[in-house]
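Q: For reference, this is work.txt, and it has compact mmCIF, C-alpha atoms and all ligand atoms.
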```txt
# COMPACT_ATOMS: atom_id res chain seq x y z
CA MET Y 7 225.34 150.08 120.27
CA LYS Y 8 223.22 149.03 123.24
CA PHE Y 9 220.23 151.15 124.30
CA PHE Y 10 219.38 151.50 127.97
CA ILE Y 11 216.43 153.53 129.21
CA ASP Y 12 217.18 156.03 131.97
CA THR Y 13 214.10 155.87 134.18
CA ALA Y 14 212.51 154.06 137.10
CA ASN Y 15 209.02 154.35 135.58
CA LEU Y 16 207.67 150.88 134.87
CA ASN Y 17 205.30 151.99 132.09
CA GLU Y 18 208.11 153.73 130.22
CA ILE Y 19 210.34 150.67 130.63
CA ARG Y 20 207.56 148.41 129.29
CA GLU Y 21 206.97 150.76 126.33
CA ALA Y 22 210.68 150.80 125.38
CA TYR Y 23 210.95 147.03 125.85
CA ASP Y 24 207.88 146.45 123.66
CA LEU Y 25 209.60 148.38 120.87
CA GLY Y 26 212.14 145.54 120.82
CA VAL Y 27 215.28 147.65 121.00
CA LEU Y 28 215.95 147.81 124.73
CA ASP Y 29 219.11 146.29 126.23
CA GLY Y 30 218.81 147.52 129.80
CA VAL Y 31 217.78 150.14 132.33
CA THR Y 32 219.63 152.72 134.40
CA THR Y 33 218.16 154.28 137.51
CA ASN Y 34 219.51 156.68 140.09
CA PRO Y 35 218.25 157.90 143.48
CA SER Y 36 216.58 160.95 141.88
CA LEU Y 37 214.70 158.80 139.37
CA MET Y 38 213.57 156.41 142.14
CA ALA Y 39 212.41 159.36 144.25
CA LYS Y 40 210.52 160.77 141.25
CA GLU Y 41 208.45 157.54 141.22
CA GLY Y 42 207.85 157.89 144.97
CA ILE Y 43 209.77 154.68 145.79
CA LYS Y 44 211.03 154.78 149.38
CA GLY Y 45 212.05 152.33 152.09
CA ASP Y 46 214.41 149.40 151.67
CA ALA Y 47 211.74 146.77 150.95
CA ASN Y 48 209.92 148.94 148.38
CA VAL Y 49 213.17 149.89 146.66
CA LYS Y 50 214.18 146.23 146.32
CA ALA Y 51 210.69 145.24 145.13
CA HIS Y 52 210.82 148.00 142.51
CA TYR Y 53 214.19 146.82 141.19
CA LYS Y 54 212.78 143.30 141.02
CA ALA Y 55 209.77 144.59 139.07
CA ILE Y 56 212.13 146.28 136.59
CA CYS Y 57 214.17 143.07 136.26
CA ASN Y 58 210.97 141.19 135.49
CA ILE Y 59 210.33 143.42 132.47
CA VAL Y 60 213.74 143.48 130.76
CA ASP Y 61 216.17 140.75 129.70
CA GLN Y 62 219.36 142.14 131.24
CA ASN Y 63 221.35 145.05 132.74
CA VAL Y 64 219.44 146.91 135.45
CA SER Y 65 221.63 149.51 137.16
CA ALA Y 66 220.72 150.00 140.84
CA GLU Y 67 222.63 152.71 142.69
CA VAL Y 68 224.02 152.48 146.21
CA ILE Y 69 223.29 155.32 148.63
CA ALA Y 70 226.25 154.73 150.97
CA THR Y 71 229.44 156.69 150.37
CA ASP Y 72 231.83 154.72 152.63
CA PHE Y 73 233.55 151.51 151.52
CA ASP Y 74 231.83 149.16 153.98
CA GLY Y 75 228.43 150.68 153.35
CA ILE Y 76 228.86 150.54 149.56
CA MET Y 77 229.92 146.89 149.76
CA ARG Y 78 227.04 145.97 152.07
CA GLU Y 79 224.41 147.72 149.91
CA GLY Y 80 225.89 146.53 146.64
CA ARG Y 81 225.93 142.88 147.73
CA GLU Y 82 222.29 143.21 148.83
CA LEU Y 83 221.30 144.79 145.51
CA ALA Y 84 223.15 142.11 143.55
CA LYS Y 85 221.15 139.41 145.38
CA ILE Y 86 217.85 140.80 144.02
CA ASP Y 87 218.44 139.39 140.52
CA ASP Y 88 221.27 138.32 138.20
CA LYS Y 89 220.34 141.27 135.96
CA ILE Y 90 221.36 143.84 138.59
CA VAL Y 91 224.43 145.98 137.91
CA VAL Y 92 225.56 147.82 141.06
CA LYS Y 93 225.93 151.53 140.39
CA VAL Y 94 228.73 153.13 142.39
CA PRO Y 95 229.68 156.83 142.46
CA MET Y 96 233.13 157.97 141.31
CA ILE Y 97 234.56 158.69 144.76
CA ARG Y 98 237.59 157.28 146.59
CA ASP Y 99 235.69 154.56 148.45
CA GLY Y 100 233.65 153.90 145.33
CA VAL Y 101 236.80 153.07 143.35
CA LYS Y 102 237.95 150.68 146.10
CA ALA Y 103 234.50 149.07 146.07
CA LEU Y 104 234.56 148.67 142.26
CA LYS Y 105 237.74 146.62 142.58
CA LYS Y 106 236.28 144.45 145.34
CA PHE Y 107 232.95 143.91 143.53
CA SER Y 108 234.90 142.93 140.43
CA SER Y 109 236.85 140.30 142.42
CA GLU Y 110 233.52 138.94 143.70
CA GLY Y 111 232.04 138.71 140.19
CA ILE Y 112 229.47 141.48 140.85
CA ARG Y 113 228.93 143.72 137.82
CA THR Y 114 229.27 147.48 138.34
CA ASN Y 115 228.47 150.80 136.72
CA CYS Y 116 230.70 153.67 137.83
CA THR Y 117 228.53 156.78 137.76
CA LEU Y 118 229.01 160.56 137.93
CA VAL Y 119 232.06 160.52 135.68
CA PHE Y 120 233.05 163.90 134.27
CA SER Y 121 236.73 163.56 133.29
CA PRO Y 122 239.03 161.17 131.39
CA GLY Y 123 241.08 160.67 134.57
CA GLN Y 124 238.02 159.42 136.43
CA ALA Y 125 237.27 157.07 133.52
CA ILE Y 126 240.80 155.63 133.68
CA LEU Y 127 240.39 154.96 137.41
CA ALA Y 128 237.04 153.24 136.84
CA ALA Y 129 238.55 150.99 134.16
CA LYS Y 130 241.59 150.12 136.24
CA ALA Y 131 239.30 149.25 139.16
CA GLY Y 132 237.47 146.80 136.91
CA ALA Y 133 234.12 148.58 136.46
CA SER Y 134 231.86 146.79 133.98
CA TYR Y 135 230.48 150.14 132.77
CA VAL Y 136 231.63 153.75 133.11
CA SER Y 137 228.97 156.48 132.92
CA PRO Y 138 230.22 159.84 131.61
CA PHE Y 139 227.43 162.46 131.89
CA ILE Y 140 227.21 164.41 128.62
CA GLY Y 141 224.26 166.75 129.29
CA ARG Y 142 225.47 167.89 132.69
CA LEU Y 143 228.86 168.86 131.19
CA ASP Y 144 227.10 170.73 128.38
CA ASP Y 145 225.04 172.51 131.07
CA ILE Y 146 228.22 174.08 132.48
CA SER Y 147 229.53 174.97 129.01
CA GLN Y 148 231.98 172.06 128.77
CA ASP Y 149 231.96 169.63 125.84
CA GLY Y 150 230.28 166.43 126.99
CA MET Y 151 230.79 164.73 123.64
CA GLU Y 152 234.51 165.45 123.67
CA LEU Y 153 234.70 163.47 126.92
CA ILE Y 154 233.12 160.43 125.23
CA ALA Y 155 235.70 160.67 122.42
CA GLN Y 156 238.59 160.97 124.89
CA ILE Y 157 237.44 157.94 126.88
CA ARG Y 158 236.95 155.90 123.67
CA LEU Y 159 240.52 156.71 122.57
CA ILE Y 160 242.03 155.90 125.96
CA TYR Y 161 240.11 152.65 126.42
CA ASP Y 162 241.07 151.52 122.92
CA ASN Y 163 244.74 152.41 123.55
CA TYR Y 164 244.87 149.96 126.43
CA SER Y 165 242.10 147.52 125.45
CA TYR Y 166 240.26 148.18 128.71
CA GLY Y 167 237.24 145.91 129.03
CA THR Y 168 235.04 148.54 130.71
CA GLU Y 169 232.11 149.53 128.48
CA ILE Y 170 231.42 153.22 127.86
CA LEU Y 171 227.84 153.94 128.91
CA ALA Y 172 227.09 157.43 127.65
CA ALA Y 173 224.67 159.04 130.13
CA SER Y 174 222.80 162.29 130.69
CA ILE Y 175 221.73 162.21 127.03
CA ARG Y 176 219.19 164.92 126.29
CA HIS Y 177 218.36 164.57 122.58
CA THR Y 178 218.87 162.42 119.50
CA ILE Y 179 221.94 164.34 118.32
CA HIS Y 180 223.72 163.35 121.54
CA LEU Y 181 222.81 159.73 120.89
CA ILE Y 182 223.88 159.73 117.24
CA LYS Y 183 227.20 161.44 118.00
CA CYS Y 184 227.83 158.80 120.67
CA ALA Y 185 227.19 156.10 118.08
CA GLU Y 186 229.64 157.78 115.66
CA ILE Y 187 232.31 157.95 118.35
CA GLY Y 188 231.69 154.35 119.34
CA ALA Y 189 230.21 154.51 122.83
CA ASP Y 190 229.20 150.97 123.76
CA VAL Y 191 225.89 151.98 125.33
CA ALA Y 192 223.64 155.03 125.41
CA THR Y 193 221.20 155.48 128.27
CA CYS Y 194 218.47 158.00 127.64
CA PRO Y 195 214.89 158.98 128.41
CA LEU Y 196 212.12 157.22 126.46
CA LYS Y 197 211.52 160.38 124.40
CA VAL Y 198 215.02 160.28 122.93
CA ILE Y 199 214.54 156.66 121.83
CA THR Y 200 211.12 157.35 120.25
CA ASP Y 201 212.35 160.62 118.68
CA LEU Y 202 214.72 158.47 116.59
CA LEU Y 203 211.63 157.25 114.72
CA LYS Y 204 210.72 160.69 113.48
CA HIS Y 205 211.36 162.23 110.08
CA PRO Y 206 208.90 164.46 108.19
CA LEU Y 207 209.74 162.77 104.87
CA THR Y 208 208.79 159.41 106.39
CA ASP Y 209 205.40 160.83 107.40
CA SER Y 210 204.69 162.57 104.08
CA GLY Y 211 206.03 159.60 102.10
CA LEU Y 212 203.77 157.15 103.93
CA GLU Y 213 200.78 159.46 103.52
CA LYS Y 214 201.37 159.52 99.75
CA PHE Y 215 201.87 155.74 99.50
CA LEU Y 216 198.61 155.10 101.36
CA ALA Y 217 196.70 157.71 99.32
CA ASP Y 218 197.93 156.20 96.03
CA HIS Y 219 197.01 152.69 97.22
CA LYS Y 220 193.53 153.91 98.21
CA LYS Y 221 193.00 155.52 94.79
CA VAL Y 222 193.13 152.19 92.97
CA ASN Y 223 191.75 149.99 95.74
CA SER Y 224 188.52 151.76 96.64
C1 LIG Y 301 222.85 157.87 134.29
O1 LIG Y 301 222.92 156.74 134.68
C2 LIG Y 301 222.07 158.92 134.96
O2 LIG Y 301 220.98 158.32 135.63
C3 LIG Y 301 221.47 159.92 134.01
O3 LIG Y 301 221.81 159.67 132.68
C4 LIG Y 301 221.56 161.32 134.46
O4 LIG Y 301 220.94 162.14 133.50
P1 LIG Y 301 220.48 163.64 133.80
O5 LIG Y 301 221.70 164.50 133.77
O6 LIG Y 301 219.54 163.95 132.68
O7 LIG Y 301 219.82 163.62 135.15
```
Can you present the structure in this file as structure tokens?
A:
Amino acid sequence: MKFFIDTANLNEIREAYDLGVLDGVTTNPSLMAKEGIKGDANVKAHYKAICNIVDQNVSAEVIATDFDGIMREGRELAKIDDKIVVKVPMIRDGVKALKKFSSEGIRTNCTLVFSPGQAILAAKAGASYVSPFIGRLDDISQDGMELIAQIRLIYDNYSYGTEILAASIRHTIHLIKCAEIGADVATCPLKVITDLLKHPLTDSGLEKFLADHKKVNS
């Protein structure tokens, strides 16, 4: 399973990369705004800075919602760096754009996916990644994890090449369930990645090992 970090914060991206387990980054307009990144030139420079930290897979989202605008923005984003994956919303013109980007060899991430039907459309349009949002479904009392399982089954039935990028992950249980189901990628905040390290028996076990070592070595 690939790990992406879901942030536009350069320090967090560096920290996750330094851990040695990072396969990519996802951003969205809200995450860019949270970092105070505004204006075309600054946005592009920020994506370039992210690309300079990681080895691959940096999702950069278009703002346009019409076909021509999505294509124009996506082509511009793709020019920033080979690592850029153009993130396109699951809307009518977005689906058309996914198909066109695919024919031009531009990698895409279809975002804001909340149903198996939307995931089928994204795959048929040739999206490189599909992003079902688990946490936001849970927030409205629907089963986000069930959606991941449904998409996995459907994609396997037809050997679709689109990778399932489980998004809106809020805690480690989400991430582990995604791994059990077989999501190809999980994108999550830094805290979820570092929370995977934690277990009280690891802490108490290490404390005891070090204490026993000290007893005979001091
Ligand atoms: C995915 O690409 C999105 O940026 C993200 O996972 C959304 O997560 P949220 O629901 O926690 O905002």
Q: From the options Y:Lys130, Y:His219, Y:Lys204, Y:Arg20, which residue's atoms come nearest to Tyr161 (chain Y), counting all atoms listed in the file?
A: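 Of the candidates, the smallest distance to Tyr161 (chain Y) is held by Y:Lys130.
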Q: Please, which residues have at least one atom within 10 Å of an atom of ligand LIG 301 (chain Y), using all atoms listed in the file, listed as a PDB file with C-alpha atoms, in the coordinates of the input?
A:
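That gives us result_26.pdb:
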```pdb
ATOM      1  CA  PHE Y  10     219.380 151.500 127.970  1.00  0.00           C
ATOM      2  CA  ILE Y  11     216.430 153.530 129.210  1.00  0.00           C
ATOM      3  CA  ASP Y  12     217.180 156.030 131.970  1.00  0.00           C
ATOM      4  CA  THR Y  13     214.100 155.870 134.180  1.00  0.00           C
ATOM      5  CA  ALA Y  14     212.510 154.060 137.100  1.00  0.00           C
ATOM      6  CA  VAL Y  31     217.780 150.140 132.330  1.00  0.00           C
ATOM      7  CA  THR Y  32     219.630 152.720 134.400  1.00  0.00           C
ATOM      8  CA  THR Y  33     218.160 154.280 137.510  1.00  0.00           C
ATOM      9  CA  ASN Y  34     219.510 156.680 140.090  1.00  0.00           C
ATOM     10  CA  PRO Y  35     218.250 157.900 143.480  1.00  0.00           C
ATOM     11  CA  SER Y  36     216.580 160.950 141.880  1.00  0.00           C
ATOM     12  CA  LEU Y  37     214.700 158.800 139.370  1.00  0.00           C
ATOM     13  CA  SER Y  65     221.630 149.510 137.160  1.00  0.00           C
ATOM     14  CA  ALA Y  66     220.720 150.000 140.840  1.00  0.00           C
ATOM     15  CA  GLU Y  67     222.630 152.710 142.690  1.00  0.00           C
ATOM     16  CA  LYS Y  93     225.930 151.530 140.390  1.00  0.00           C
ATOM     17  CA  ASN Y 115     228.470 150.800 136.720  1.00  0.00           C
ATOM     18  CA  CYS Y 116     230.700 153.670 137.830  1.00  0.00           C
ATOM     19  CA  THR Y 117     228.530 156.780 137.760  1.00  0.00           C
ATOM     20  CA  LEU Y 118     229.010 160.560 137.930  1.00  0.00           C
ATOM     21  CA  VAL Y 119     232.060 160.520 135.680  1.00  0.00           C
ATOM     22  CA  VAL Y 136     231.630 153.750 133.110  1.00  0.00           C
ATOM     23  CA  SER Y 137     228.970 156.480 132.920  1.00  0.00           C
ATOM     24  CA  PRO Y 138     230.220 159.840 131.610  1.00  0.00           C
ATOM     25  CA  PHE Y 139     227.430 162.460 131.890  1.00  0.00           C
ATOM     26  CA  ILE Y 140     227.210 164.410 128.620  1.00  0.00           C
ATOM     27  CA  GLY Y 141     224.260 166.750 129.290  1.00  0.00           C
ATOM     28  CA  ARG Y 142     225.470 167.890 132.690  1.00  0.00           C
ATOM     29  CA  LEU Y 143     228.860 168.860 131.190  1.00  0.00           C
ATOM     30  CA  ASP Y 144     227.100 170.730 128.380  1.00  0.00           C
ATOM     31  CA  ASP Y 145     225.040 172.510 131.070  1.00  0.00           C
ATOM     32  CA  LEU Y 171     227.840 153.940 128.910  1.00  0.00           C
ATOM     33  CA  ALA Y 172     227.090 157.430 127.650  1.00  0.00           C
ATOM     34  CA  ALA Y 173     224.670 159.040 130.130  1.00  0.00           C
ATOM     35  CA  SER Y 174     222.800 162.290 130.690  1.00  0.00           C
ATOM     36  CA  ILE Y 175     221.730 162.210 127.030  1.00  0.00           C
ATOM     37  CA  ARG Y 176     219.190 164.920 126.290  1.00  0.00           C
ATOM     38  CA  ALA Y 192     223.640 155.030 125.410  1.00  0.00           C
ATOM     39  CA  THR Y 193     221.200 155.480 128.270  1.00  0.00           C
ATOM     40  CA  CYS Y 194     218.470 158.000 127.640  1.00  0.00           C
ATOM     41  CA  PRO Y 195     214.890 158.980 128.410  1.00  0.00           C
TER      42      PRO Y 195
END
```
Q: Residues near Glu79 (chain Y), anyone? I mean within 9 Å using all atoms listed in the file, not counting same-chain ones fewer than 6 positions away, as an NGL selection string.
A: :Y and (67-70 or 92)
Q: With all atoms listed in the file counted, which protein, DNA or RNA residues have an atom no more than 7 Å from (233.2, 146.4, 138.4) in the file frame? Please answer as a PyMOL selection string.
A: chain Y and resi 104-105+107-108+112-115+131-134
Q: Put those residues in a file: C-alpha atoms, as a PDB file, keeping the file's coordinate frame.
A:
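Done, and the output landed in again16.pdb:
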```pdb
ATOM      1  CA  LEU Y 104     234.560 148.670 142.260  1.00  0.00           C
ATOM      2  CA  LYS Y 105     237.740 146.620 142.580  1.00  0.00           C
ATOM      3  CA  PHE Y 107     232.950 143.910 143.530  1.00  0.00           C
ATOM      4  CA  SER Y 108     234.900 142.930 140.430  1.00  0.00           C
ATOM      5  CA  ILE Y 112     229.470 141.480 140.850  1.00  0.00           C
ATOM      6  CA  ARG Y 113     228.930 143.720 137.820  1.00  0.00           C
ATOM      7  CA  THR Y 114     229.270 147.480 138.340  1.00  0.00           C
ATOM      8  CA  ASN Y 115     228.470 150.800 136.720  1.00  0.00           C
ATOM      9  CA  ALA Y 131     239.300 149.250 139.160  1.00  0.00           C
ATOM     10  CA  GLY Y 132     237.470 146.800 136.910  1.00  0.00           C
ATOM     11  CA  ALA Y 133     234.120 148.580 136.460  1.00  0.00           C
ATOM     12  CA  SER Y 134     231.860 146.790 133.980  1.00  0.00           C
TER      13      SER Y 134
END
```
Q: Expressed in Å to a single decimal, how great is the separation between CA of Phe73 (chain Y) and CA of Asp99 (chain Y)?
A: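 CA of Phe73 (chain Y) sits 4.8 Å away from CA of Asp99 (chain Y).
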Q: With distances taken over all atoms listed in the file, which of Y:Ile199, Y:Met38, Y:Met77, Y:Val101 is nearest to Gly26 (chain Y)?
A: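 With all atoms listed in the file as the atom set, the closest residue is Y:Ile199.
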